[in-house]
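Taking it in order: structure first as structure tokens, then the write-up.
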Amino acid sequence: MENREVMAPAYVYMVRCEGGQLYTGWTTDPAARLHAHKTGQGAKATRAFGALSLAYLEPCPDKSAALRREAALKKLPKAEKEALCAAWAEKNRPRLSMATRADAADILQLYNWYVLHRTATYQITPSTLPEYEAWVEDTLARAPLLLARDGDGRLLGYACAHRYHPREAFDWDVESTIYCAPDACSAGVGKALYGALLELLRMQGYWNVYALLADPNPVSERFHEKFGFVCVGRQPHTGYKFGRWGGMSIWWLPLRKGSAAPAPVRLHLTPDEAAAVLQKYTAT
């Protein structure tokens, strides 16, 4: 998940409130701003009416453009605002699929954006296409690599799992990874991707999922807590990027409990099994 370190693009947005009202504002961090509205730390209007969810998000070149667009949206009749929200929701509804080698370029472009602009990854040098073509195939050899695209086919995010440790005793453990496009971090993309990923991993027979997060990263921590992950350790002063030190936190989700000997992991589910799960989370 995103951890903002440099100035992000500006966005204008609308938030749906409990009574159906739409609150309009602007931000550089949609995920953090939505959280503020939902926890009573946002605008007076959303504190009064109760913010529920993001209803509309539009990128703008800079703060000045966002302020102008915000003023224009506020002047629109309610029916026109609702039409914008409906069109945005349908276009940005995540369509889930299993990745193939042909998707490597899109995945690479999204990941390298985080390499260059965020500390969600401590990688500093961008990866190359040959590296990611091989990475896609290596990942799919043991676990799902899921994509979420919008109605136009644009990549909104991806989620996957890979070996937590190379020794055989850890064959039932995986490390999860998720990255969403900066303008998709509050649109339900991560929820759909992670929900599907965790269900597929459980079906395969994995017992434990670990997530390694840059620390601090409160947005990602809240996200993982919603899925039942708990923090089991913090490593301070671990990575140096963007001119300063950061830490690492370790989060754990048990998919199974008990002390019985585990059955071998199913490295590959059937196409029908995977398709049913992907359709389930595409429709939500």
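All residue names refer to the structure tokens as shown: chains lettered A, B, ... in order, residues numbered from 1 in each chain, ligands numbered from 1 in order.
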Exercise for the section: For range 39-45 of chain A, list every protein, DNA or RNA residue within 8 Å, evaluated using only C-alpha atoms, and leave out those in the same chain fewer than 5 positions away; present the list as a list in words. Expected result: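 Counting only C-alpha atoms, the residues come to Tyr23, Arg33 and Gly50 of chain A.
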Residues from the last selection, all heavy atoms, saved as a PDB file, in the first residue's frame:
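Generated file (selection29.pdb):
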ATOM      1  N   TYR A  23     -20.257  14.967  -0.330  1.00  0.00           N
ATOM      2  CA  TYR A  23     -19.346  16.033   0.070  1.00  0.00           C
ATOM      3  C   TYR A  23     -18.220  16.118  -0.964  1.00  0.00           C
ATOM      4  O   TYR A  23     -17.640  15.101  -1.359  1.00  0.00           O
ATOM      5  CB  TYR A  23     -18.743  15.761   1.451  1.00  0.00           C
ATOM      6  CG  TYR A  23     -17.648  16.737   1.812  1.00  0.00           C
ATOM      7  CD1 TYR A  23     -17.951  17.994   2.315  1.00  0.00           C
ATOM      8  CD2 TYR A  23     -16.305  16.404   1.587  1.00  0.00           C
ATOM      9  CE1 TYR A  23     -16.937  18.904   2.610  1.00  0.00           C
ATOM     10  CE2 TYR A  23     -15.293  17.304   1.884  1.00  0.00           C
ATOM     11  CZ  TYR A  23     -15.613  18.552   2.395  1.00  0.00           C
ATOM     12  OH  TYR A  23     -14.615  19.452   2.673  1.00  0.00           O
ATOM     13  N   ARG A  33      -7.192  10.955   3.184  1.00  0.00           N
ATOM     14  CA  ARG A  33      -8.288  11.911   3.345  1.00  0.00           C
ATOM     15  C   ARG A  33      -9.605  11.205   3.600  1.00  0.00           C
ATOM     16  O   ARG A  33     -10.404  11.641   4.434  1.00  0.00           O
ATOM     17  CB  ARG A  33      -8.388  12.804   2.102  1.00  0.00           C
ATOM     18  CG  ARG A  33      -9.351  13.977   2.264  1.00  0.00           C
ATOM     19  CD  ARG A  33      -8.931  14.858   3.415  1.00  0.00           C
ATOM     20  NE  ARG A  33      -9.820  16.008   3.579  1.00  0.00           N
ATOM     21  CZ  ARG A  33      -9.950  16.690   4.702  1.00  0.00           C
ATOM     22  NH1 ARG A  33      -9.247  16.345   5.776  1.00  0.00           N
ATOM     23  NH2 ARG A  33     -10.765  17.727   4.765  1.00  0.00           N
ATOM     24  N   GLY A  50     -21.712  11.916   8.547  1.00  0.00           N
ATOM     25  CA  GLY A  50     -21.127  10.580   8.599  1.00  0.00           C
ATOM     26  C   GLY A  50     -20.670  10.109   7.233  1.00  0.00           C
ATOM     27  O   GLY A  50     -21.494   9.756   6.391  1.00  0.00           O
TER      28      GLY A  50
END
Handout entry: All residues 10 Å or closer to range 83-89 of chain A, only C-alpha atoms, same chain fewer than 4 positions away omitted, as number ranges by chain
Key = A: 13-16, 22, 54-58, 73, 78-79, 93-94, 150-151, 187
Output the selection as a tab-separated table (two decimals), in the first residue's frame - all heavy atoms for each residue.
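Output saved as out.tsv:
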chain	number	residue	atom	x	y	z
A	13	TYR	N	-12.51	15.12	-5.26
A	13	TYR	CA	-13.24	13.90	-4.92
A	13	TYR	C	-14.62	14.23	-4.37
A	13	TYR	O	-14.90	15.38	-3.97
A	13	TYR	CB	-12.47	13.09	-3.86
A	13	TYR	CG	-12.35	13.80	-2.53
A	13	TYR	CD1	-13.31	13.63	-1.53
A	13	TYR	CD2	-11.29	14.66	-2.26
A	13	TYR	CE1	-13.22	14.30	-0.32
A	13	TYR	CE2	-11.18	15.33	-1.06
A	13	TYR	CZ	-12.15	15.15	-0.08
A	13	TYR	OH	-12.06	15.82	1.12
A	14	MET	N	-15.47	13.21	-4.33
A	14	MET	CA	-16.76	13.30	-3.64
A	14	MET	C	-16.88	12.09	-2.72
A	14	MET	O	-16.53	10.97	-3.11
A	14	MET	CB	-17.92	13.34	-4.63
A	14	MET	CG	-18.07	14.68	-5.33
A	14	MET	SD	-19.58	14.84	-6.33
A	14	MET	CE	-19.05	14.08	-7.86
A	15	VAL	N	-17.34	12.34	-1.52
A	15	VAL	CA	-17.54	11.29	-0.52
A	15	VAL	C	-19.03	11.13	-0.27
A	15	VAL	O	-19.76	12.11	-0.10
A	15	VAL	CB	-16.81	11.65	0.80
A	15	VAL	CG1	-17.25	10.73	1.93
A	15	VAL	CG2	-15.31	11.56	0.61
A	16	ARG	N	-19.48	9.87	-0.25
A	16	ARG	CA	-20.89	9.58	0.05
A	16	ARG	C	-21.08	9.55	1.56
A	16	ARG	O	-20.33	8.90	2.28
A	16	ARG	CB	-21.27	8.23	-0.53
A	16	ARG	CG	-22.70	7.78	-0.23
A	16	ARG	CD	-23.70	8.48	-1.11
A	16	ARG	NE	-23.46	8.19	-2.52
A	16	ARG	CZ	-24.10	8.81	-3.50
A	16	ARG	NH1	-24.99	9.77	-3.23
A	16	ARG	NH2	-23.84	8.49	-4.75
A	22	LEU	N	-23.53	14.14	-0.81
A	22	LEU	CA	-22.21	14.06	-1.41
A	22	LEU	C	-21.39	15.26	-0.95
A	22	LEU	O	-21.79	16.40	-1.16
A	22	LEU	CB	-22.30	14.05	-2.94
A	22	LEU	CG	-22.85	12.77	-3.57
A	22	LEU	CD1	-23.15	12.99	-5.04
A	22	LEU	CD2	-21.88	11.60	-3.38
A	54	LEU	N	-15.83	6.52	-0.73
A	54	LEU	CA	-15.46	7.38	-1.85
A	54	LEU	C	-16.45	7.17	-2.97
A	54	LEU	O	-16.76	6.03	-3.36
A	54	LEU	CB	-14.05	7.02	-2.33
A	54	LEU	CG	-13.44	7.93	-3.38
A	54	LEU	CD1	-13.15	9.31	-2.81
A	54	LEU	CD2	-12.17	7.30	-3.94
A	55	ALA	N	-16.99	8.26	-3.52
A	55	ALA	CA	-17.98	8.17	-4.59
A	55	ALA	C	-17.44	8.64	-5.93
A	55	ALA	O	-18.00	8.29	-6.98
A	55	ALA	CB	-19.22	8.98	-4.23
A	56	TYR	N	-16.37	9.44	-5.92
A	56	TYR	CA	-15.84	10.00	-7.16
A	56	TYR	C	-14.43	10.49	-6.91
A	56	TYR	O	-14.14	11.04	-5.83
A	56	TYR	CB	-16.72	11.16	-7.63
A	56	TYR	CG	-16.28	11.81	-8.93
A	56	TYR	CD1	-16.55	11.20	-10.15
A	56	TYR	CD2	-15.58	13.02	-8.92
A	56	TYR	CE1	-16.15	11.80	-11.35
A	56	TYR	CE2	-15.17	13.61	-10.12
A	56	TYR	CZ	-15.47	12.99	-11.32
A	56	TYR	OH	-15.07	13.58	-12.50
A	57	LEU	N	-13.54	10.29	-7.88
A	57	LEU	CA	-12.17	10.76	-7.77
A	57	LEU	C	-11.67	11.16	-9.15
A	57	LEU	O	-11.80	10.39	-10.10
A	57	LEU	CB	-11.27	9.66	-7.19
A	57	LEU	CG	-9.83	10.07	-6.87
A	57	LEU	CD1	-9.78	11.05	-5.71
A	57	LEU	CD2	-8.99	8.83	-6.56
A	58	GLU	N	-11.11	12.34	-9.24
A	58	GLU	CA	-10.64	12.86	-10.53
A	58	GLU	C	-9.25	13.48	-10.34
A	58	GLU	O	-9.09	14.39	-9.54
A	58	GLU	CB	-11.62	13.91	-11.05
A	58	GLU	CG	-11.23	14.56	-12.36
A	58	GLU	CD	-12.22	15.62	-12.79
A	58	GLU	OE1	-13.41	15.52	-12.43
A	58	GLU	OE2	-11.80	16.57	-13.47
A	73	LEU	N	-17.50	21.54	-9.39
A	73	LEU	CA	-18.33	20.40	-8.99
A	73	LEU	C	-19.37	20.81	-7.95
A	73	LEU	O	-20.51	20.33	-7.97
A	73	LEU	CB	-17.45	19.28	-8.43
A	73	LEU	CG	-16.64	18.47	-9.44
A	73	LEU	CD1	-15.80	17.42	-8.71
A	73	LEU	CD2	-17.53	17.80	-10.47
A	78	LYS	N	-27.54	18.17	-8.02
A	78	LYS	CA	-27.33	16.85	-7.42
A	78	LYS	C	-27.41	15.74	-8.48
A	78	LYS	O	-26.63	14.78	-8.43
A	78	LYS	CB	-28.38	16.61	-6.34
A	78	LYS	CG	-28.26	15.26	-5.60
A	78	LYS	CD	-27.05	15.23	-4.70
A	78	LYS	CE	-27.19	14.24	-3.56
A	78	LYS	NZ	-27.68	12.92	-3.90
A	79	ALA	N	-28.33	15.87	-9.42
A	79	ALA	CA	-28.48	14.83	-10.45
A	79	ALA	C	-27.21	14.68	-11.28
A	79	ALA	O	-26.82	13.56	-11.63
A	79	ALA	CB	-29.67	15.15	-11.35
A	93	ARG	N	-14.82	-0.03	-11.29
A	93	ARG	CA	-15.08	-1.31	-10.64
A	93	ARG	C	-13.97	-2.27	-11.06
A	93	ARG	O	-13.76	-2.51	-12.24
A	93	ARG	CB	-16.44	-1.84	-11.07
A	93	ARG	CG	-16.78	-3.20	-10.49
A	93	ARG	CD	-18.20	-3.59	-10.82
A	93	ARG	NE	-18.47	-3.58	-12.24
A	93	ARG	CZ	-18.23	-4.61	-13.06
A	93	ARG	NH1	-17.67	-5.73	-12.59
A	93	ARG	NH2	-18.53	-4.53	-14.35
A	94	PRO	N	-13.21	-2.82	-10.11
A	94	PRO	CA	-12.07	-3.67	-10.48
A	94	PRO	C	-12.51	-4.98	-11.12
A	94	PRO	O	-13.34	-5.70	-10.57
A	94	PRO	CB	-11.35	-3.90	-9.15
A	94	PRO	CG	-12.39	-3.65	-8.10
A	94	PRO	CD	-13.32	-2.62	-8.66
A	150	ASP	N	-9.55	-1.56	-14.82
A	150	ASP	CA	-10.81	-0.84	-14.91
A	150	ASP	C	-11.51	-1.17	-16.22
A	150	ASP	O	-11.05	-2.03	-16.99
A	150	ASP	CB	-10.60	0.67	-14.73
A	150	ASP	CG	-9.86	1.32	-15.91
A	150	ASP	OD1	-9.66	0.65	-16.95
A	150	ASP	OD2	-9.50	2.51	-15.78
A	151	GLY	N	-12.62	-0.49	-16.48
A	151	GLY	CA	-13.40	-0.79	-17.66
A	151	GLY	C	-12.69	-0.51	-18.96
A	151	GLY	O	-13.07	-1.04	-20.01
A	187	ALA	N	-10.51	3.18	-3.81
A	187	ALA	CA	-11.64	2.82	-4.66
A	187	ALA	C	-12.07	1.37	-4.52
A	187	ALA	O	-12.76	0.85	-5.38
A	187	ALA	CB	-11.29	3.12	-6.12
Fill in the blank from the handout: Shortest contact to Lys280 in chain A, candidates A:Ala105, A:Ala99, A:Leu197, A:Leu267, atoms counted only C-alpha atoms, goes to A:Leu197
Please produce, as JSON lines, a per-residue contact table for range 87-158 of chain A versus range 177-185 of chain A (criterion: any atom at most 10 Å away, only C-alpha atoms considered), showing the nearest atom pair and its distance in Å to one decimal, sorted by chain then residue number.
{"residue": "A:Asn92", "atom": "CA", "partner": "A:Ala184", "partner_atom": "CA", "distance": 8.2}
{"residue": "A:Pro94", "atom": "CA", "partner": "A:Ala184", "partner_atom": "CA", "distance": 9.6}
{"residue": "A:Ile107", "atom": "CA", "partner": "A:Tyr179", "partner_atom": "CA", "distance": 9.3}
{"residue": "A:Leu110", "atom": "CA", "partner": "A:Ala181", "partner_atom": "CA", "distance": 6.6}
{"residue": "A:Tyr111", "atom": "CA", "partner": "A:Tyr179", "partner_atom": "CA", "distance": 7.1}
{"residue": "A:Trp113", "atom": "CA", "partner": "A:Ala181", "partner_atom": "CA", "distance": 8.9}
{"residue": "A:Tyr114", "atom": "CA", "partner": "A:Tyr179", "partner_atom": "CA", "distance": 8.4}
{"residue": "A:Ala120", "atom": "CA", "partner": "A:Tyr179", "partner_atom": "CA", "distance": 8.8}
{"residue": "A:Thr121", "atom": "CA", "partner": "A:Tyr179", "partner_atom": "CA", "distance": 9.8}
{"residue": "A:Leu145", "atom": "CA", "partner": "A:Thr177", "partner_atom": "CA", "distance": 9.4}
{"residue": "A:Leu146", "atom": "CA", "partner": "A:Ile178", "partner_atom": "CA", "distance": 9.4}
{"residue": "A:Leu147", "atom": "CA", "partner": "A:Cys180", "partner_atom": "CA", "distance": 9.8}
{"residue": "A:Ala148", "atom": "CA", "partner": "A:Cys180", "partner_atom": "CA", "distance": 8.8}
{"residue": "A:Asp150", "atom": "CA", "partner": "A:Ala184", "partner_atom": "CA", "distance": 9.9}
{"residue": "A:Arg154", "atom": "CA", "partner": "A:Ala181", "partner_atom": "CA", "distance": 9.7}
{"residue": "A:Leu155", "atom": "CA", "partner": "A:Ala181", "partner_atom": "CA", "distance": 7.5}
{"residue": "A:Leu156", "atom": "CA", "partner": "A:Ala181", "partner_atom": "CA", "distance": 5.2}
{"residue": "A:Gly157", "atom": "CA", "partner": "A:Cys180", "partner_atom": "CA", "distance": 3.9}
{"residue": "A:Tyr158", "atom": "CA", "partner": "A:Tyr179", "partner_atom": "CA", "distance": 5.7}
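The spacing separating CA of Gly25 in chain A from CA of Glu70 in chain A amounts to 6.0 Å.
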